[in-house]
>>> print(open('data-v2.cif').read())   # mmCIF, C-alpha atoms and all ligand atoms
data_target
loop_
_atom_site.label_atom_id
_atom_site.label_comp_id
_atom_site.auth_asym_id
_atom_site.auth_seq_id
_atom_site.Cartn_x
_atom_site.Cartn_y
_atom_site.Cartn_z
CA MET A 1 -13.47 -50.71 -0.26
CA THR A 2 -14.41 -47.55 -2.14
CA LYS A 3 -15.76 -44.79 0.09
CA ILE A 4 -19.00 -43.30 -1.22
CA ILE A 5 -18.91 -39.64 -0.18
CA ASP A 6 -22.34 -38.78 1.23
CA GLY A 7 -23.10 -35.19 0.22
CA LYS A 8 -26.59 -35.32 1.69
CA ALA A 9 -25.24 -36.19 5.14
CA ILE A 10 -22.40 -33.63 5.01
CA SER A 11 -24.76 -30.92 3.77
CA ALA A 12 -27.19 -31.72 6.61
CA GLN A 13 -24.29 -31.58 9.09
CA ILE A 14 -23.30 -28.07 7.88
CA LYS A 15 -26.89 -26.82 7.96
CA ASN A 16 -27.33 -28.19 11.48
CA GLU A 17 -24.14 -26.44 12.62
CA LEU A 18 -25.48 -23.16 11.19
CA LYS A 19 -28.91 -23.69 12.73
CA GLU A 20 -27.28 -24.17 16.13
CA GLU A 21 -25.08 -21.09 15.66
CA VAL A 22 -28.08 -18.93 14.66
CA ALA A 23 -30.15 -20.19 17.60
CA LYS A 24 -27.32 -19.63 20.10
CA SER A 25 -26.16 -16.22 18.84
CA GLY A 26 -29.54 -14.79 17.90
CA LEU A 27 -27.96 -13.61 14.64
CA LYS A 28 -30.48 -12.14 12.20
CA ALA A 29 -30.04 -12.58 8.46
CA THR A 30 -32.17 -12.30 5.33
CA LEU A 31 -31.47 -13.61 1.85
CA ALA A 32 -33.06 -11.85 -1.13
CA VAL A 33 -33.77 -14.28 -3.95
CA ILE A 34 -34.58 -12.83 -7.37
CA GLN A 35 -36.05 -14.94 -10.15
CA VAL A 36 -36.89 -13.59 -13.60
CA GLY A 37 -39.43 -15.71 -15.48
CA LYS A 38 -40.85 -19.07 -14.54
CA ASP A 39 -38.27 -21.65 -15.61
CA PRO A 40 -39.43 -24.78 -13.69
CA ALA A 41 -35.89 -25.94 -12.76
CA SER A 42 -35.05 -22.44 -11.45
CA SER A 43 -38.29 -22.41 -9.42
CA VAL A 44 -37.25 -25.68 -7.75
CA TYR A 45 -33.78 -24.28 -6.91
CA VAL A 46 -35.27 -21.04 -5.57
CA GLY A 47 -37.78 -23.00 -3.46
CA ASN A 48 -34.98 -25.14 -2.00
CA LYS A 49 -32.95 -22.04 -1.12
CA LYS A 50 -35.91 -20.52 0.73
CA LYS A 51 -36.49 -23.81 2.57
CA ALA A 52 -32.85 -23.91 3.64
CA CYS A 53 -33.14 -20.36 5.07
CA GLU A 54 -36.19 -21.42 7.05
CA TYR A 55 -34.41 -24.55 8.29
CA ILE A 56 -31.39 -22.71 9.69
CA GLY A 57 -33.63 -20.00 11.20
CA VAL A 58 -33.00 -16.99 8.95
CA GLY A 59 -35.29 -15.03 6.65
CA SER A 60 -35.72 -14.96 2.91
CA ALA A 61 -37.39 -12.39 0.69
CA SER A 62 -38.56 -13.49 -2.70
CA TYR A 63 -38.74 -11.33 -5.81
CA GLU A 64 -40.50 -13.12 -8.66
CA LEU A 65 -40.24 -10.89 -11.70
CA PRO A 66 -42.12 -11.55 -14.94
CA GLU A 67 -40.26 -12.89 -17.98
CA GLU A 68 -40.55 -9.51 -19.79
CA THR A 69 -38.79 -7.56 -16.99
CA LYS A 70 -36.38 -4.99 -18.42
CA GLN A 71 -32.71 -5.13 -17.43
CA GLU A 72 -32.98 -1.59 -15.99
CA GLU A 73 -35.82 -2.70 -13.67
CA LEU A 74 -33.76 -5.64 -12.43
CA LEU A 75 -30.75 -3.37 -11.84
CA LYS A 76 -32.95 -0.90 -9.94
CA LEU A 77 -34.19 -3.72 -7.67
CA ILE A 78 -30.57 -4.78 -7.01
CA ASP A 79 -29.67 -1.15 -6.17
CA ASP A 80 -32.58 -1.01 -3.70
CA LEU A 81 -31.56 -4.30 -2.08
CA ASN A 82 -27.92 -3.18 -1.91
CA ALA A 83 -29.07 -0.11 0.06
CA ASP A 84 -31.47 -2.06 2.31
CA ASP A 85 -29.82 -2.82 5.67
CA SER A 86 -32.31 -5.60 6.41
CA ILE A 87 -30.98 -7.63 3.44
CA ASN A 88 -27.68 -9.47 3.95
CA GLY A 89 -27.35 -11.52 0.79
CA ILE A 90 -28.59 -11.06 -2.78
CA LEU A 91 -28.97 -13.97 -5.14
CA VAL A 92 -30.10 -13.68 -8.74
CA GLN A 93 -31.15 -17.10 -10.00
CA LEU A 94 -29.37 -17.98 -13.26
CA PRO A 95 -29.88 -18.38 -16.16
CA LEU A 96 -31.50 -15.04 -16.93
CA PRO A 97 -33.55 -14.43 -20.10
CA ASP A 98 -31.31 -13.89 -23.16
CA TYR A 99 -31.91 -10.13 -23.43
CA ILE A 100 -30.52 -9.50 -19.93
CA ASP A 101 -26.74 -9.36 -19.63
CA GLU A 102 -25.70 -11.70 -16.81
CA LYS A 103 -22.34 -10.01 -16.31
CA THR A 104 -23.90 -6.54 -15.83
CA VAL A 105 -26.36 -7.97 -13.31
CA ILE A 106 -23.75 -9.89 -11.29
CA ASN A 107 -21.43 -6.87 -11.23
CA ARG A 108 -24.23 -4.70 -9.82
CA ILE A 109 -24.60 -6.78 -6.62
CA SER A 110 -22.74 -5.22 -3.72
CA PRO A 111 -19.62 -7.36 -3.05
CA SER A 112 -20.59 -7.35 0.67
CA LYS A 113 -23.89 -9.12 -0.23
CA ASP A 114 -22.49 -11.37 -2.99
CA VAL A 115 -23.43 -14.70 -1.39
CA ASP A 116 -23.07 -16.55 -4.72
CA GLY A 117 -19.43 -15.45 -4.92
CA PHE A 118 -19.70 -14.53 -8.62
CA HIS A 119 -18.76 -10.81 -8.38
CA PRO A 120 -15.30 -9.98 -9.82
CA GLU A 121 -14.24 -8.65 -6.39
CA SER A 122 -15.11 -12.01 -4.77
CA VAL A 123 -13.25 -13.91 -7.48
CA GLY A 124 -10.26 -11.55 -7.12
CA ASN A 125 -10.16 -12.09 -3.35
CA LEU A 126 -10.16 -15.84 -3.88
CA CYS A 127 -7.37 -15.50 -6.43
CA ILE A 128 -5.03 -13.59 -4.09
CA GLY A 129 -5.98 -15.48 -0.93
CA GLN A 130 -8.01 -12.72 0.75
CA GLU A 131 -11.15 -13.24 2.79
CA GLY A 132 -14.34 -13.10 0.68
CA PHE A 133 -17.30 -15.03 -0.66
CA VAL A 134 -16.46 -18.21 -2.54
CA SER A 135 -18.64 -19.73 -5.26
CA CYS A 136 -20.87 -22.28 -3.49
CA THR A 137 -20.35 -25.46 -5.56
CA PRO A 138 -16.52 -25.48 -5.41
CA ALA A 139 -16.56 -24.38 -1.76
CA GLY A 140 -18.89 -27.31 -1.07
CA ILE A 141 -16.50 -29.71 -2.81
CA ILE A 142 -13.65 -28.63 -0.51
CA GLU A 143 -15.93 -29.36 2.48
CA LEU A 144 -16.83 -32.78 1.03
CA ILE A 145 -13.16 -33.67 0.63
CA LYS A 146 -12.07 -32.38 4.05
CA ARG A 147 -15.00 -33.77 6.01
CA SER A 148 -14.37 -37.17 4.40
CA GLY A 149 -10.91 -37.13 6.01
CA ILE A 150 -9.05 -36.73 2.68
CA SER A 151 -6.09 -34.36 2.72
CA ILE A 152 -5.42 -32.05 -0.24
CA GLU A 153 -1.93 -30.85 0.70
CA GLY A 154 0.72 -31.99 -1.78
CA LYS A 155 -1.78 -34.05 -3.79
CA GLU A 156 -1.96 -34.09 -7.58
CA CYS A 157 -5.33 -32.44 -8.25
CA VAL A 158 -6.85 -32.40 -11.73
CA VAL A 159 -9.93 -30.28 -12.50
CA ILE A 160 -11.74 -30.93 -15.78
CA GLY A 161 -13.66 -27.78 -16.77
CA ARG A 162 -12.72 -24.09 -16.64
CA SER A 163 -16.08 -22.36 -16.14
CA ASN A 164 -16.23 -19.23 -13.98
CA ILE A 165 -18.62 -20.80 -11.48
CA VAL A 166 -17.06 -24.25 -11.07
CA GLY A 167 -13.75 -25.09 -12.79
CA LYS A 168 -11.75 -21.89 -12.19
CA PRO A 169 -12.72 -21.28 -8.53
CA MET A 170 -12.27 -25.02 -7.89
CA ALA A 171 -8.69 -24.86 -9.15
CA LEU A 172 -7.98 -21.78 -7.00
CA LEU A 173 -9.42 -23.42 -3.88
CA LEU A 174 -7.40 -26.60 -4.35
CA LEU A 175 -4.32 -24.43 -4.82
CA ALA A 176 -5.16 -22.46 -1.65
CA ASN A 177 -5.28 -25.84 0.13
CA ASN A 178 -1.76 -26.64 -1.13
CA GLY A 179 -2.73 -29.08 -3.87
CA THR A 180 -0.68 -29.31 -7.07
CA VAL A 181 -3.30 -28.31 -9.60
CA THR A 182 -3.80 -28.98 -13.30
CA VAL A 183 -6.83 -27.56 -15.14
CA CYS A 184 -8.09 -29.44 -18.21
CA HIS A 185 -10.67 -28.25 -20.74
CA SER A 186 -12.13 -28.93 -24.17
CA ARG A 187 -8.79 -28.20 -25.93
CA THR A 188 -6.63 -30.31 -23.59
CA LYS A 189 -4.53 -32.93 -25.31
CA ASP A 190 -3.98 -36.33 -23.64
CA LEU A 191 -6.87 -35.83 -21.19
CA LYS A 192 -6.78 -39.49 -20.11
CA GLU A 193 -3.07 -39.42 -19.27
CA ILE A 194 -3.40 -36.21 -17.24
CA CYS A 195 -6.46 -37.48 -15.35
CA LYS A 196 -4.68 -40.76 -14.58
CA ARG A 197 -2.07 -38.79 -12.58
CA ALA A 198 -4.72 -37.33 -10.28
CA ASP A 199 -5.00 -38.20 -6.59
CA ILE A 200 -8.05 -35.92 -6.59
CA LEU A 201 -10.04 -35.66 -9.82
CA VAL A 202 -12.83 -33.05 -10.02
CA VAL A 203 -15.05 -33.47 -13.06
CA ALA A 204 -17.17 -30.48 -14.23
CA ILE A 205 -17.55 -31.03 -17.97
CA GLY A 206 -21.29 -31.15 -18.55
CA ARG A 207 -21.14 -34.43 -20.55
CA PRO A 208 -23.06 -37.42 -19.20
CA ARG A 209 -20.89 -40.34 -17.96
CA MET A 210 -17.85 -39.25 -20.01
CA ILE A 211 -15.27 -40.20 -17.39
CA THR A 212 -14.73 -43.95 -17.23
CA ALA A 213 -12.22 -46.11 -15.31
CA GLU A 214 -9.61 -45.46 -18.05
CA TYR A 215 -9.26 -41.88 -16.75
CA VAL A 216 -8.88 -42.80 -13.09
CA LYS A 217 -5.84 -43.83 -11.04
CA GLU A 218 -6.42 -46.64 -8.56
CA GLY A 219 -7.39 -45.21 -5.17
CA ALA A 220 -8.09 -41.68 -6.47
CA THR A 221 -10.79 -39.43 -5.02
CA VAL A 222 -13.32 -38.68 -7.78
CA ILE A 223 -15.68 -35.72 -7.42
CA ASP A 224 -18.51 -35.56 -9.95
CA VAL A 225 -20.06 -32.10 -10.44
CA GLY A 226 -22.21 -32.98 -13.46
CA ILE A 227 -25.97 -33.36 -13.30
CA HIS A 228 -27.95 -34.79 -16.22
CA ARG A 229 -31.35 -36.33 -16.64
CA THR A 230 -31.17 -39.58 -18.64
CA ASP A 231 -33.80 -40.80 -21.12
CA ASP A 232 -35.30 -43.06 -18.44
CA GLY A 233 -35.80 -40.03 -16.16
CA LYS A 234 -32.95 -40.85 -13.75
CA LEU A 235 -30.10 -38.51 -12.80
CA CYS A 236 -26.46 -39.17 -13.71
CA GLY A 237 -23.20 -37.25 -13.54
CA ASP A 238 -20.21 -36.56 -15.81
CA VAL A 239 -18.59 -39.70 -14.34
CA ASP A 240 -19.69 -43.22 -15.24
CA PHE A 241 -20.24 -44.12 -11.58
CA ASP A 242 -20.68 -47.89 -11.96
CA ASN A 243 -17.60 -48.15 -14.16
CA VAL A 244 -15.37 -46.00 -11.92
CA LYS A 245 -16.51 -46.90 -8.42
CA ASP A 246 -14.35 -50.01 -8.00
CA ILE A 247 -11.10 -48.31 -9.04
CA ALA A 248 -11.64 -45.06 -7.09
CA GLY A 249 -10.67 -44.77 -3.42
CA ALA A 250 -13.56 -42.38 -2.81
CA ILE A 251 -16.30 -41.10 -5.10
CA THR A 252 -19.34 -38.82 -5.00
CA PRO A 253 -22.61 -40.25 -6.33
CA VAL A 254 -25.15 -38.36 -8.47
CA PRO A 255 -27.59 -37.56 -6.98
CA GLY A 256 -26.52 -37.15 -3.35
CA GLY A 257 -22.92 -36.00 -3.81
CA VAL A 258 -21.96 -32.46 -4.83
CA GLY A 259 -25.56 -31.28 -5.47
CA PRO A 260 -26.76 -30.91 -1.87
CA MET A 261 -23.57 -29.02 -0.90
CA THR A 262 -24.30 -25.94 -3.02
CA ILE A 263 -27.23 -24.77 -0.88
CA ALA A 264 -25.41 -25.57 2.38
CA MET A 265 -22.53 -23.32 1.27
CA LEU A 266 -24.96 -20.60 0.25
CA MET A 267 -26.17 -20.63 3.86
CA VAL A 268 -22.53 -20.47 5.06
CA ASN A 269 -22.03 -17.38 2.86
CA LEU A 270 -25.25 -15.77 4.09
CA ILE A 271 -24.21 -16.15 7.73
CA LYS A 272 -20.79 -14.75 6.87
CA ALA A 273 -22.48 -11.73 5.19
CA ALA A 274 -24.70 -11.17 8.24
CA LYS A 275 -21.65 -11.17 10.52
CA LEU A 276 -20.03 -8.45 8.39
CA VAL A 277 -22.67 -5.96 9.54
CA LYS A 278 -22.88 -7.14 13.15
P1 LIG A 301 -19.75 -25.28 -18.53
O1 LIG A 301 -20.46 -25.83 -19.71
O2 LIG A 301 -19.75 -23.82 -18.27
O3 LIG A 301 -18.23 -25.74 -18.59
C1 LIG A 301 -17.84 -27.03 -19.02
C2 LIG A 301 -16.34 -27.08 -19.10
O4 LIG A 301 -15.97 -28.39 -19.53
C3 LIG A 301 -15.73 -26.09 -20.09
O5 LIG A 301 -14.73 -25.35 -19.43
C4 LIG A 301 -15.14 -26.96 -21.20
O6 LIG A 301 -13.87 -26.48 -21.64
C5 LIG A 301 -14.98 -28.31 -20.52
N1 LIG A 301 -15.19 -29.40 -21.48
C6 LIG A 301 -16.25 -29.59 -22.30
N2 LIG A 301 -16.07 -30.70 -23.06
C7 LIG A 301 -14.88 -31.22 -22.69
C8 LIG A 301 -14.14 -32.35 -23.10
N3 LIG A 301 -14.60 -33.18 -24.05
N4 LIG A 301 -12.95 -32.59 -22.52
C9 LIG A 301 -12.48 -31.77 -21.56
N5 LIG A 301 -13.14 -30.67 -21.10
C10 LIG A 301 -14.32 -30.40 -21.68
O7 LIG A 301 -20.31 -26.11 -17.28
P2 LIG A 301 -20.31 -25.78 -15.69
O8 LIG A 301 -21.28 -24.70 -15.41
O9 LIG A 301 -18.94 -25.70 -15.17
O10 LIG A 301 -20.98 -27.15 -15.19
C11 LIG A 301 -20.40 -28.42 -15.41
C12 LIG A 301 -21.39 -29.50 -14.98
O11 LIG A 301 -21.65 -29.34 -13.61
C13 LIG A 301 -22.75 -29.43 -15.66
O12 LIG A 301 -23.23 -30.76 -15.83
C14 LIG A 301 -23.62 -28.68 -14.68
O13 LIG A 301 -24.99 -29.02 -14.78
C15 LIG A 301 -23.05 -29.17 -13.38
N6 LIG A 301 -23.19 -28.24 -12.23
C16 LIG A 301 -23.60 -28.78 -11.07
C17 LIG A 301 -23.71 -27.97 -9.93
C18 LIG A 301 -24.13 -28.59 -8.63
O14 LIG A 301 -24.55 -27.89 -7.73
N7 LIG A 301 -23.98 -29.89 -8.50
C19 LIG A 301 -23.41 -26.60 -10.01
C20 LIG A 301 -22.97 -26.08 -11.22
C21 LIG A 301 -22.85 -26.92 -12.33
#
>>> encode(input="data-v2.cif", output="structure tokens")
Amino acid sequence: MTKIIDGKAISAQIKNELKEEVAKSGLKATLAVIQVGKDPASSVYVGNKKKACEYIGVGSASYELPEETKQEELLKLIDDLNADDSINGILVQLPLPDYIDEKTVINRISPSKDVDGFHPESVGNLCIGQEGFVSCTPAGIIELIKRSGISIEGKECVVIGRSNIVGKPMALLLLANNGTVTVCHSRTKDLKEICKRADILVVAIGRPRMITAEYVKEGATVIDVGIHRTDDGKLCGDVDFDNVKDIAGAITPVPGGVGPMTIAMLMVNLIKAAKLVK
């Protein structure tokens, strides 16, 4: 029987653990959330992040900047929040308008408040196995795998996708957990053959239902990072779930798999940041 990995339940478990920790320790924390413009999808994500803060018993401060905000103004706000001792984590909702350089903005956030784990110092720490903030989606995938009782050590792990926020940190985390890791991307030859070797296959391609049973070894754990809205208004992933589910040993659904983990791990990072100044 294929195990359907329940991201909603695991995310709720993590948030409940944090809520209990906050209530018991009396730890105070505040997340600053910056949004530039009014992209509806970003507004939903920002709203969910604020709700999660409320749920675990910490604060959030919202900065809703107009679409025409200048890069210098955004950088000045980040400088102010970096210097503000009441703020523990700073999150700039991406994507930013085209005329603002994402890299400059991310690099401006103090590494000690980098709860998204995107700052080069955070990525460097992950790379050399030092303590630091880890990008939330890949960190959440490690929790999904571990809390489902699946071991990573010595396993053939294949990651499809090499983006800075998912593919690359995912590969580093699997390596840190003693997996044998292969990273595939748009120029990879023989993608099917490489994927078929995987005990753990993480798919972060951004192409709806591309991965079918032909890519999957019997009994493999398949983690689907993709999120797409289909023509009939439903959500689907990068994996063709119905086609793959009978061959996989364990699989994440979309929705309800990787998605809910990202916010839970953001809360984990926020609590970690708050403890740094305790
Ligand atoms: P991206 O577009 O930055 O990267 C996609 C990667 O896939 C690239 O590295 C590219 O080389 C690779 N790729 C593209 N076509 C390929 C092909 N035909 N064969 C092999 N590799 C190919 O995307 P991303 O930001 O890493 O996101 C990937 C997916 O995950 C998207 O659907 C995105 O919406 C989703 N996502 C979900 C969450 C979440 O919380 N669940 C978070 C981030 C991203």
>>> residues_around(input="data-v2.cif", residues="range 252-264 of chain A", least_positions_apart="3", cutoff="10 Å", atoms="only C-alpha atoms", output="ChimeraX atom specification")
/A:3-16,18,45,48-53,56,116,135-145,221-228,234-242,245,267-270
>>> atom_distance(input="data-v2.cif", atom1="atom C16 of ligand LIG 301 (chain A)", atom2="CA of Ser43 in chain A")
16.1 Å
>>> closest_residue(input="data-v2.cif", among="A:Arg187, A:Lys192, A:Arg162, A:Lys275", to="ligand LIG 301 (chain A)", atoms="all atoms listed in the file")
A:Arg162
>>> atom_distance(input="data-v2.cif", atom1="CA of Ala41 in chain A", atom2="CA of Lys103 in chain A")
21.2 Å
>>> axis_aligned_box(input="data-v2.cif", around="ligand LIG 301 (chain A)", padding_each_side="5 Å", output="lines of an AutoDock Vina configuration file")
center_x = -18.7
center_y = -28.5
center_z = -15.9
size_x = 22.5
size_y = 19.4
size_z = 26.3
>>> closest_residue(input="data-v2.cif", among="A:Glu193, A:Gly124, A:Thr104, A:Val244", to="Val158 in chain A", atoms="all atoms listed in the file")
A:Glu193
>>> build_atoms(input="data-v2.cif", residues="range 233-250 of chain A", atoms="N, CA and C atoms", output="mmCIF file, in the coordinates of the input")
data_model
loop_
_atom_site.group_PDB
_atom_site.id
_atom_site.type_symbol
_atom_site.label_atom_id
_atom_site.label_comp_id
_atom_site.auth_asym_id
_atom_site.auth_seq_id
_atom_site.Cartn_x
_atom_site.Cartn_y
_atom_site.Cartn_z
ATOM 1 N N GLY A 233 -35.345 -40.924 -17.226
ATOM 2 C CA GLY A 233 -35.800 -40.030 -16.160
ATOM 3 C C GLY A 233 -34.928 -40.022 -14.919
ATOM 4 N N LYS A 234 -33.831 -40.821 -14.930
ATOM 5 C CA LYS A 234 -32.950 -40.850 -13.750
ATOM 6 C C LYS A 234 -31.885 -39.752 -13.873
ATOM 7 N N LEU A 235 -31.184 -39.491 -12.754
ATOM 8 C CA LEU A 235 -30.100 -38.510 -12.800
ATOM 9 C C LEU A 235 -28.762 -39.223 -12.936
ATOM 10 N N CYS A 236 -27.832 -38.635 -13.674
ATOM 11 C CA CYS A 236 -26.460 -39.170 -13.710
ATOM 12 C C CYS A 236 -25.493 -37.998 -13.769
ATOM 13 N N GLY A 237 -24.213 -38.291 -13.564
ATOM 14 C CA GLY A 237 -23.200 -37.250 -13.540
ATOM 15 C C GLY A 237 -22.329 -37.262 -14.794
ATOM 16 N N ASP A 238 -21.202 -36.557 -14.722
ATOM 17 C CA ASP A 238 -20.210 -36.560 -15.810
ATOM 18 C C ASP A 238 -19.331 -37.813 -15.713
ATOM 19 N N VAL A 239 -19.397 -38.494 -14.567
ATOM 20 C CA VAL A 239 -18.590 -39.700 -14.340
ATOM 21 C C VAL A 239 -19.498 -40.917 -14.491
ATOM 22 N N ASP A 240 -18.963 -41.952 -15.144
ATOM 23 C CA ASP A 240 -19.690 -43.220 -15.240
ATOM 24 C C ASP A 240 -19.495 -43.951 -13.911
ATOM 25 N N PHE A 241 -20.403 -43.686 -12.988
ATOM 26 C CA PHE A 241 -20.240 -44.120 -11.580
ATOM 27 C C PHE A 241 -19.982 -45.619 -11.468
ATOM 28 N N ASP A 242 -20.811 -46.434 -12.121
ATOM 29 C CA ASP A 242 -20.680 -47.890 -11.960
ATOM 30 C C ASP A 242 -19.340 -48.387 -12.493
ATOM 31 N N ASN A 243 -18.856 -47.745 -13.543
ATOM 32 C CA ASN A 243 -17.600 -48.150 -14.160
ATOM 33 C C ASN A 243 -16.392 -47.726 -13.330
ATOM 34 N N VAL A 244 -16.514 -46.600 -12.622
ATOM 35 C CA VAL A 244 -15.370 -46.000 -11.920
ATOM 36 C C VAL A 244 -15.307 -46.417 -10.448
ATOM 37 N N LYS A 245 -16.456 -46.786 -9.874
ATOM 38 C CA LYS A 245 -16.510 -46.900 -8.420
ATOM 39 C C LYS A 245 -15.536 -47.931 -7.836
ATOM 40 N N ASP A 246 -15.232 -48.986 -8.572
ATOM 41 C CA ASP A 246 -14.350 -50.010 -8.000
ATOM 42 C C ASP A 246 -12.874 -49.615 -8.055
ATOM 43 N N ILE A 247 -12.509 -48.729 -8.944
ATOM 44 C CA ILE A 247 -11.100 -48.310 -9.040
ATOM 45 C C ILE A 247 -10.820 -47.100 -8.136
ATOM 46 N N ALA A 248 -11.838 -46.261 -7.915
ATOM 47 C CA ALA A 248 -11.640 -45.060 -7.090
ATOM 48 C C ALA A 248 -11.464 -45.449 -5.620
ATOM 49 N N GLY A 249 -10.764 -44.570 -4.873
ATOM 50 C CA GLY A 249 -10.670 -44.770 -3.420
ATOM 51 C C GLY A 249 -11.885 -44.169 -2.742
ATOM 52 N N ALA A 250 -12.360 -43.053 -3.311
ATOM 53 C CA ALA A 250 -13.560 -42.380 -2.810
ATOM 54 C C ALA A 250 -14.241 -41.712 -3.989
#
